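Q: Mind looking over this structure? Questions follow.
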Amino acid sequence: MGSSGSKDLNQPLIGYKFPTDRAKVRHNPDRSQDERLHVDVLGDVYDYLIIFSRPDDAGVGGLSKGTADEAQAKSSAKTDRISWNDIELLWFQAVPGEEDRKTKGVEWLKSEWTSRFRTDTVSSAQGGDTIPRTTFESLVREHIVDVLGRKAGLQLSLRTSPKGDYVYCLVRAPESLLEKKAEKAKYKLKFRGEVDPGFEFWQRWSDHDDDGRPIFIELREEADLYEKNKANEILEDLYAAGKIGANDSAVIEYEEPTKKHWSRRIHTLERIADKVPVTNTYPAYAQFSTNPRERHLYDEYQSPRGKSLFLPKDRLYLTKRAIDEQFDFGVLVENEAVVACFALHDASFGEPVLNRRWFLRYWVFPFFLPSPDSRGSPYVSHPAINRGSACPVYLWPWAQPLMEVRAYFGEKIALYFAWVGFYGYSLLTPAIAALACEILLLVTDTSDETRGMHADQLFLGFFLIIWAAYYKASWDVESKYCAAKWGTTNFEEVEQDRPQFVGDPDQPRRLSPITNENETYYPEEKRHTTQCISAFIVLVCSGLVIGMVLLLFLAEYLVYEKLGMPAVALCFSVVQAGFIQVASHFYSEIAYWLNDQENYRTQTNYENNLILKKFFFEIINNYSALAITAYFKGIYFQCIMGANNCLGDMKVLLIAITATRYVIALYGVLAGSFGQAMRSLFGASSCSGGDDDGDSTLAANPLRDDGGQFDDDLDFELSELGEERKDSPLRSLETPRFEAEIELEEYEGTFDDFAEIVLQMGLVSMFSLGFYVLPLCAMLETLLQIRADAYKLCVLTRRPDPALAETVGSWGALMDAMATLAVFSNAGIICFTTLSFASYSFNQRLLAFFILEQSMLACKLLTELSVSRVPIDLYEILKRQQVVVNRHKNVVFDYEDDEKLEDDEIGTKRGNVDRDNLKLSSVKQASLSDFDLRKIEFLKEKLADCEADMKVARSEYKRASKSEVLNEELGVSYSRRSPDLALGMITLTILEAENVGTRHNPIDAKSCRLVVHVRDPTPRNERKYEGQPGPGPQISKPARLPPKTPDVSSEVLSSGSRLVFNQTFSLAPIKTAKAEVLIDLMDESKRLKLGTTTLVLSDLSNQQKRHLTLSLAKTAAATHGHGAESAVLYVNAQFQYSRIIPIKNRIYHIFDEQRKLTRDIQNIRLGNPPEQAWDFPEEALFSPKSMGGESSNIADARLILESRVRRRGARPTPLRTPSPVRASRWLVAERSPPAESSSSRGPHWPPPQRAHAYDAVLGTGAPPRSCATARAAHQARG
């Protein structure tokens, strides 16, 4: 019997069947499709909406309230005219990409300007001609629609607003375009669960081996290899049963060269067809590829548009990417050339789960759901997020459908809600601890006025520090779980310039020192100056806040002390709390304005600097009143709630601040709902959930693994559903669904939401000693914040653009900063505010403060160190995901570990002898002769050399593959460490040029230079790489004349016919083997191009250095119409683009050599002559037993001579047929022992005898006198 550990591995797995049982029903036709999943969409749905103004009409009735007010304000501005300079700058920024693409876009606009308006673009002294702004907007609209529909391949639908003043352009991308964009962007998609069902599946066993170890049947099933014919039969049967698609119905030639390749795919397809139980809750993610061999790996989702590989957030992300590749709509909207461009909630119309109605029911208001399976989980790593696991009752308040939020809104927003939920759940611990301390005070009847050490204060102070540190460290781990669950591990996004980023007025553009391309430029010196001014303004604002807080305390003191009105004095705490919110609101505008003035290029830099500005002020604004109350109020003012300390005053202030935060959170929701209700009341269309998203309860949730339906009491009756659908087409004809979204506010991002929670964490960790109920209040506020933010996203704002994210970024550092500030705050409150150290002197208190602060800091550091950065289970998950991707997508087998491998990288068949002409009757049973044994031994030695060479080549191949990967489409290797770094390099040495100058048109050598640059003739929209194909242009040193020699005429020197350069260029990186090197010969003094030539890189594919003579085509300006001899350029060129290809070619050659050797060894063993002309040693070319036969003597002699000729490297000469007597005589001479020589050269043959034998074999007449004369005679005869 197996061990207990083995028994534990074989726990029951629901739905599991053994491979033999699955095979019995595998080929039955699949009739289990749920017809209710095929939702009948009542009209087309689109993903994005672009709104253009229609300047033919002056009204603004298409938009309502806020949007209409903005449009009305803009309409007055649109009566102005716009100059060409403003348009050129705007359009240059709006066209994304490199300098040449931007320039081409501006040139197009210039041609349209001149052809349409018949004006000169630069005739006006004030920046060029001007046109009405409305006319420019019409031109922009026409061009955008044309490019998006024709060039980008997007599907568009144009409509006008009800009053005709706006044009709505609805945008969506077909599935094929999404796949192309996903492959180009290296976008990661999730693998099917059946690809790697989980540890429990792979550990199934039913028997043991002789040693008592379990035999894992699924691993054994996975290791089975199919012959090619059998593999095709299995795939055809699965296709006939409807279990797989047409792409997988046969072995894919060239993609699957060995049994292991196609067998692995077949086993995966069989698991998918069998619908094996999946327990793996962290499936792997891999970069999407359109390769048909890999298509079955990616998960599919049911949607109204049919089965798709893309979730709604994937579809929106890739569609936005396709739009952004053509235009930067951020720039166009910022400059009012376009009204708006945003994603639509209506894009999910008809989705079975992912729609706003579902989120309102299961996310915003989940309090009365009867089933716990629909609630989600408090955080991503909690088991409740997985199949078959219900959320515990005590966690219901924090539970969220995070997987659905991520699928609808994207990873960035889902990560925010995961962070808030994790924070709210973490607050449960300090809330319980603080309540326990509060209960202890009530039971022991202890108050803040009691002198002596307060154990509850010490305990809670240390506990809050440990909690803050533990929360921060735990969230770092949880964020890694989120990244593993959502496929964003090691995510890096290439940021584009912000639409608001502008160049320096003195030098708006410059040549980049990195890319050699013109770029928008803003000097760091000016930014540093602006930053210093901003820092000064922030300090002034912070000082004003502190001054205002002190004035409020002074007023409170006067009311309490002078007027004797304590109740009125307590109201100043409410004033302080209100002032915090007012100051934060007004300063927020100042912080944004200051940050805009600093003109940051990327959004990350912009947000990081905005965080610094806001949080420096917000820490002063939110905590200054509390700090003054705790440390200074009792000294300089008067404590109202206590005679000996101000803890009571701090408690009142904390209650006021907490209540104010509740009011602000509720106001944000209620105000937005009220405004929406008013718009609906006065006739504006609304986005009610009734017909917004179709039937959301009949279908299974494709994101949750339970696969079950939702609650029965929520299901519509089919008759009611039918009535609803009969009405909805009429309603959609009257008012399109998407029009309701135009009135919604634009989503402002998660910046302010993050800021509110981080500030709240500071309140809890720093000031809970003054109000023990504060952690509980903060927890309830967080619960309110989660639902309020969810309500805003689903009802009050437009759908945000999905964005990828791996961590919360700088907010993590701010949380750590709050935990550090809490160390000093709690130590200070215990030592200086409470009465724990009231009997000690100030110096003793100060000493106690330092001891307490260092102790708390040590606890914080120890807590952070105690939390593993990467737990063992997370480490195993990440490694397992990597292994699964390598096994199924990056299919590479180890040569040394697999003896059955058949040339997986090479794709050739190796080793075995071809048996086409082999007959068993030809096998000889007799033993081999010495003659044949020597040949076989010689071939085996060569075979052993080949194996040694193969081992070395494979080792080199592995080393090369670790550092680079060959891009088959581009023909160039790229670095594995930096995937965007191409490894192609051209070494070009230009020696000299001839026939450049002539007697009629002489040139000056010193003014001649060469310009070398790389270009790609492939159209830009078909290129598979970003940016330019190679480095920027390189210029040579001036040419010089050749030295004066007798061979160089004076005419050559005077006319400049021959120019010497002798200069080497290194061009790297080269991104494609399809590129060309263009060499231009320029005359600097005349500013004239003398000639040009092109070097095609495909001519250098062998990666060897070549000497080339290039034809230099002279320009017409250089020849002045005179006929001239064509010029030539002498160069040495070498194109090195891959270390892998030469090694692969060497492996090809070694494989071929091994095949030939093995075949000829077998041929000799069977008594057949070798098929190849091997360089056998002379002792293996004749047999002593065959000396008596005439024909064998002649054959042996001819073999020896041919072998010697080959060893000398000469071409074998056809030999005449010698007489048998001469051949025998020559062989006797060859076999006779050599005579000893008196010289140091060693033994030698007597020359007359050797010459005679040589001529005898050749069949000539009388023997020559010497070997030298014999060779001479032979050469003379040819």
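By convention here, the chains of the structure tokens are called A, B, ... in the order presented, each chain's residues are numbered starting at 1, and ligands are numbered starting at 1 in the order presented.
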Just the alpha helix (DSSP H) stuff from stretch 959-988 of chain A, please, per backbone DSSP, written as JSON, numbers by chain.
A: {"A": [959, 960, 961, 962, 963]}
Q: For stretch 89-94 of chain A, work out the shell of residues within 6 Å, counting only C-alpha atoms and skipping chain neighbours fewer than 4 positions away, then give it as JSON, numbers by chain.
A: {"A": [102, 327, 328, 331]}
Q: Restricting the calculation to only C-alpha atoms, which member of A:Leu1067, A:Ile87, A:Leu427, A:Ala630 is positioned closest to A:Gln1136?
A: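 Among the listed residues, A:Leu1067 lies closest to A:Gln1136.
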Q: What's around A:Asp506 at 12 Å? Count only C-alpha atoms, leave out sequence neighbours fewer than 3 positions away in its own chain, and write the answer as a ChimeraX atom specification.
A: /A:502-503,509-510,520-523,526
Q: Export, as a short mmCIF file (atom, residue, chain, number, x, y, z; two decimals), in the first residue's frame, the selected residues with all heavy atoms.
A:
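Here's the written file result.cif:
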```
data_model
loop_
_atom_site.label_atom_id
_atom_site.label_comp_id
_atom_site.auth_asym_id
_atom_site.auth_seq_id
_atom_site.Cartn_x
_atom_site.Cartn_y
_atom_site.Cartn_z
N VAL A 502 3.52 70.31 -23.50
CA VAL A 502 3.87 71.20 -24.61
C VAL A 502 5.35 71.52 -24.53
O VAL A 502 5.99 71.41 -23.48
CB VAL A 502 3.04 72.50 -24.59
CG1 VAL A 502 1.57 72.19 -24.80
CG2 VAL A 502 3.23 73.24 -23.27
N GLY A 503 5.90 71.94 -25.66
CA GLY A 503 7.31 72.26 -25.72
C GLY A 503 7.61 73.65 -25.19
O GLY A 503 6.72 74.48 -24.94
N ARG A 509 10.86 72.11 -30.10
CA ARG A 509 11.27 70.77 -30.52
C ARG A 509 12.78 70.74 -30.68
O ARG A 509 13.41 71.75 -30.99
CB ARG A 509 10.60 70.36 -31.84
CG ARG A 509 9.09 70.39 -31.76
CD ARG A 509 8.45 69.76 -32.98
NE ARG A 509 8.80 68.36 -33.12
CZ ARG A 509 8.26 67.38 -32.40
NH1 ARG A 509 7.36 67.67 -31.47
NH2 ARG A 509 8.61 66.13 -32.58
N ARG A 510 13.35 69.54 -30.45
CA ARG A 510 14.79 69.37 -30.60
C ARG A 510 15.07 67.96 -31.08
O ARG A 510 14.21 67.07 -31.03
CB ARG A 510 15.50 69.61 -29.27
CG ARG A 510 15.23 68.52 -28.25
CD ARG A 510 16.24 68.50 -27.13
NE ARG A 510 16.06 67.34 -26.28
CZ ARG A 510 16.82 67.03 -25.23
NH1 ARG A 510 17.82 67.84 -24.91
NH2 ARG A 510 16.59 65.96 -24.53
N THR A 520 9.18 66.71 -28.85
CA THR A 520 8.75 67.86 -28.07
C THR A 520 9.67 68.00 -26.85
O THR A 520 9.92 67.03 -26.14
CB THR A 520 7.30 67.68 -27.62
OG1 THR A 520 6.48 67.44 -28.76
CG2 THR A 520 6.80 68.91 -26.89
N TYR A 521 10.16 69.20 -26.64
CA TYR A 521 11.22 69.39 -25.65
C TYR A 521 10.84 70.49 -24.68
O TYR A 521 10.34 71.56 -25.06
CB TYR A 521 12.52 69.76 -26.36
CG TYR A 521 13.65 70.18 -25.44
CD1 TYR A 521 14.25 69.26 -24.58
CD2 TYR A 521 14.10 71.50 -25.41
CE1 TYR A 521 15.27 69.65 -23.72
CE2 TYR A 521 15.12 71.89 -24.57
CZ TYR A 521 15.70 70.96 -23.72
OH TYR A 521 16.70 71.34 -22.87
N TYR A 522 11.07 70.19 -23.39
CA TYR A 522 10.91 71.21 -22.34
C TYR A 522 12.11 71.08 -21.42
O TYR A 522 12.34 70.01 -20.84
CB TYR A 522 9.61 70.99 -21.56
CG TYR A 522 9.28 72.13 -20.63
CD1 TYR A 522 8.67 73.28 -21.11
CD2 TYR A 522 9.59 72.06 -19.28
CE1 TYR A 522 8.37 74.33 -20.27
CE2 TYR A 522 9.29 73.11 -18.43
CZ TYR A 522 8.69 74.26 -18.92
OH TYR A 522 8.40 75.30 -18.09
N PRO A 523 12.90 72.12 -21.26
CA PRO A 523 14.16 72.00 -20.50
C PRO A 523 13.91 71.76 -19.02
O PRO A 523 12.99 72.34 -18.41
CB PRO A 523 14.84 73.35 -20.75
CG PRO A 523 13.74 74.27 -21.14
CD PRO A 523 12.71 73.47 -21.84
N LYS A 526 14.01 74.91 -16.58
CA LYS A 526 12.78 75.68 -16.40
C LYS A 526 11.82 74.93 -15.46
O LYS A 526 11.13 75.56 -14.65
CB LYS A 526 12.11 75.94 -17.75
CG LYS A 526 12.83 76.95 -18.60
CD LYS A 526 11.99 77.35 -19.80
CE LYS A 526 12.67 78.48 -20.59
NZ LYS A 526 11.84 78.92 -21.74
#
```
Q: Quick one: residues within 8 Å of stretch 838-855 of chain A, only C-alpha atoms counted, chain neighbours fewer than 2 positions away excluded, as a CSV table (one decimal) with N, CA and C atoms, in the first residue's frame?
A:
```csv
chain,number,residue,atom,x,y,z
A,451,ARG,N,-4.5,59.6,36.9
A,451,ARG,CA,-3.1,59.6,36.8
A,451,ARG,C,-2.5,58.2,36.9
A,452,GLY,N,-1.3,58.1,36.3
A,452,GLY,CA,-0.6,56.8,36.4
A,452,GLY,C,-0.6,56.1,35.0
A,823,VAL,N,4.3,56.1,14.5
A,823,VAL,CA,5.2,55.8,15.5
A,823,VAL,C,5.5,57.0,16.4
A,824,PHE,N,5.8,58.1,15.8
A,824,PHE,CA,6.0,59.4,16.5
A,824,PHE,C,4.8,59.9,17.2
A,827,ALA,N,3.7,57.7,20.2
A,827,ALA,CA,4.6,57.8,21.3
A,827,ALA,C,4.5,59.2,22.0
A,828,GLY,N,4.3,60.3,21.1
A,828,GLY,CA,4.1,61.6,21.7
A,828,GLY,C,2.8,61.7,22.5
A,831,CYS,N,3.3,60.0,25.9
A,831,CYS,CA,4.2,60.6,26.8
A,831,CYS,C,3.8,62.1,27.2
A,832,PHE,N,3.2,62.8,26.3
A,832,PHE,CA,3.0,64.2,26.5
A,832,PHE,C,1.5,64.6,26.7
A,834,THR,N,-1.4,62.2,27.4
A,834,THR,CA,-2.1,61.4,28.5
A,834,THR,C,-1.4,61.7,29.8
A,835,LEU,N,-2.0,61.1,30.9
A,835,LEU,CA,-1.5,61.2,32.2
A,835,LEU,C,-0.6,60.1,32.7
A,836,SER,N,-0.2,59.2,31.7
A,836,SER,CA,0.6,58.1,32.0
A,836,SER,C,1.9,58.5,32.6
A,857,LEU,N,9.3,51.7,16.7
A,857,LEU,CA,9.9,51.5,15.4
A,857,LEU,C,10.5,50.1,15.2
A,858,ALA,N,11.1,49.6,16.3
A,858,ALA,CA,11.6,48.2,16.2
A,858,ALA,C,10.5,47.2,16.0
A,859,CYS,N,9.3,47.4,16.6
A,859,CYS,CA,8.2,46.5,16.4
A,859,CYS,C,7.7,46.6,14.9
```
Q: Would you pick out the contacts of stretch 531-535 of chain A at 7 Å or less, using only C-alpha atoms, so that residues sharing its chain but fewer than 4 positions from it are not included, and give the list as a PyMOL selection string?
A: chain A and resi 527+539+594+598
Q: Provide the atom CA of A:Ala740 to atom CA of A:Gln500 distance in Å, to one decimal place.
A: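 Distance between the two atoms: 28.6 Å.
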Q: So what do you get for atom CA of A:Ala173 versus atom CA of A:Gly153, distance-wise?
A: 7.5 Å
Q: Could you tell me how far atom CA of A:Asp930 lies from atom CA of A:Ala948, in Å and to one decimal?
A: 26.8 Å
Q: With distances taken over only C-alpha atoms, which residue among A:Phe931, A:Phe1135, A:Phe359, A:Phe771 lies nearest A:Ser1066?
A: A:Phe1135
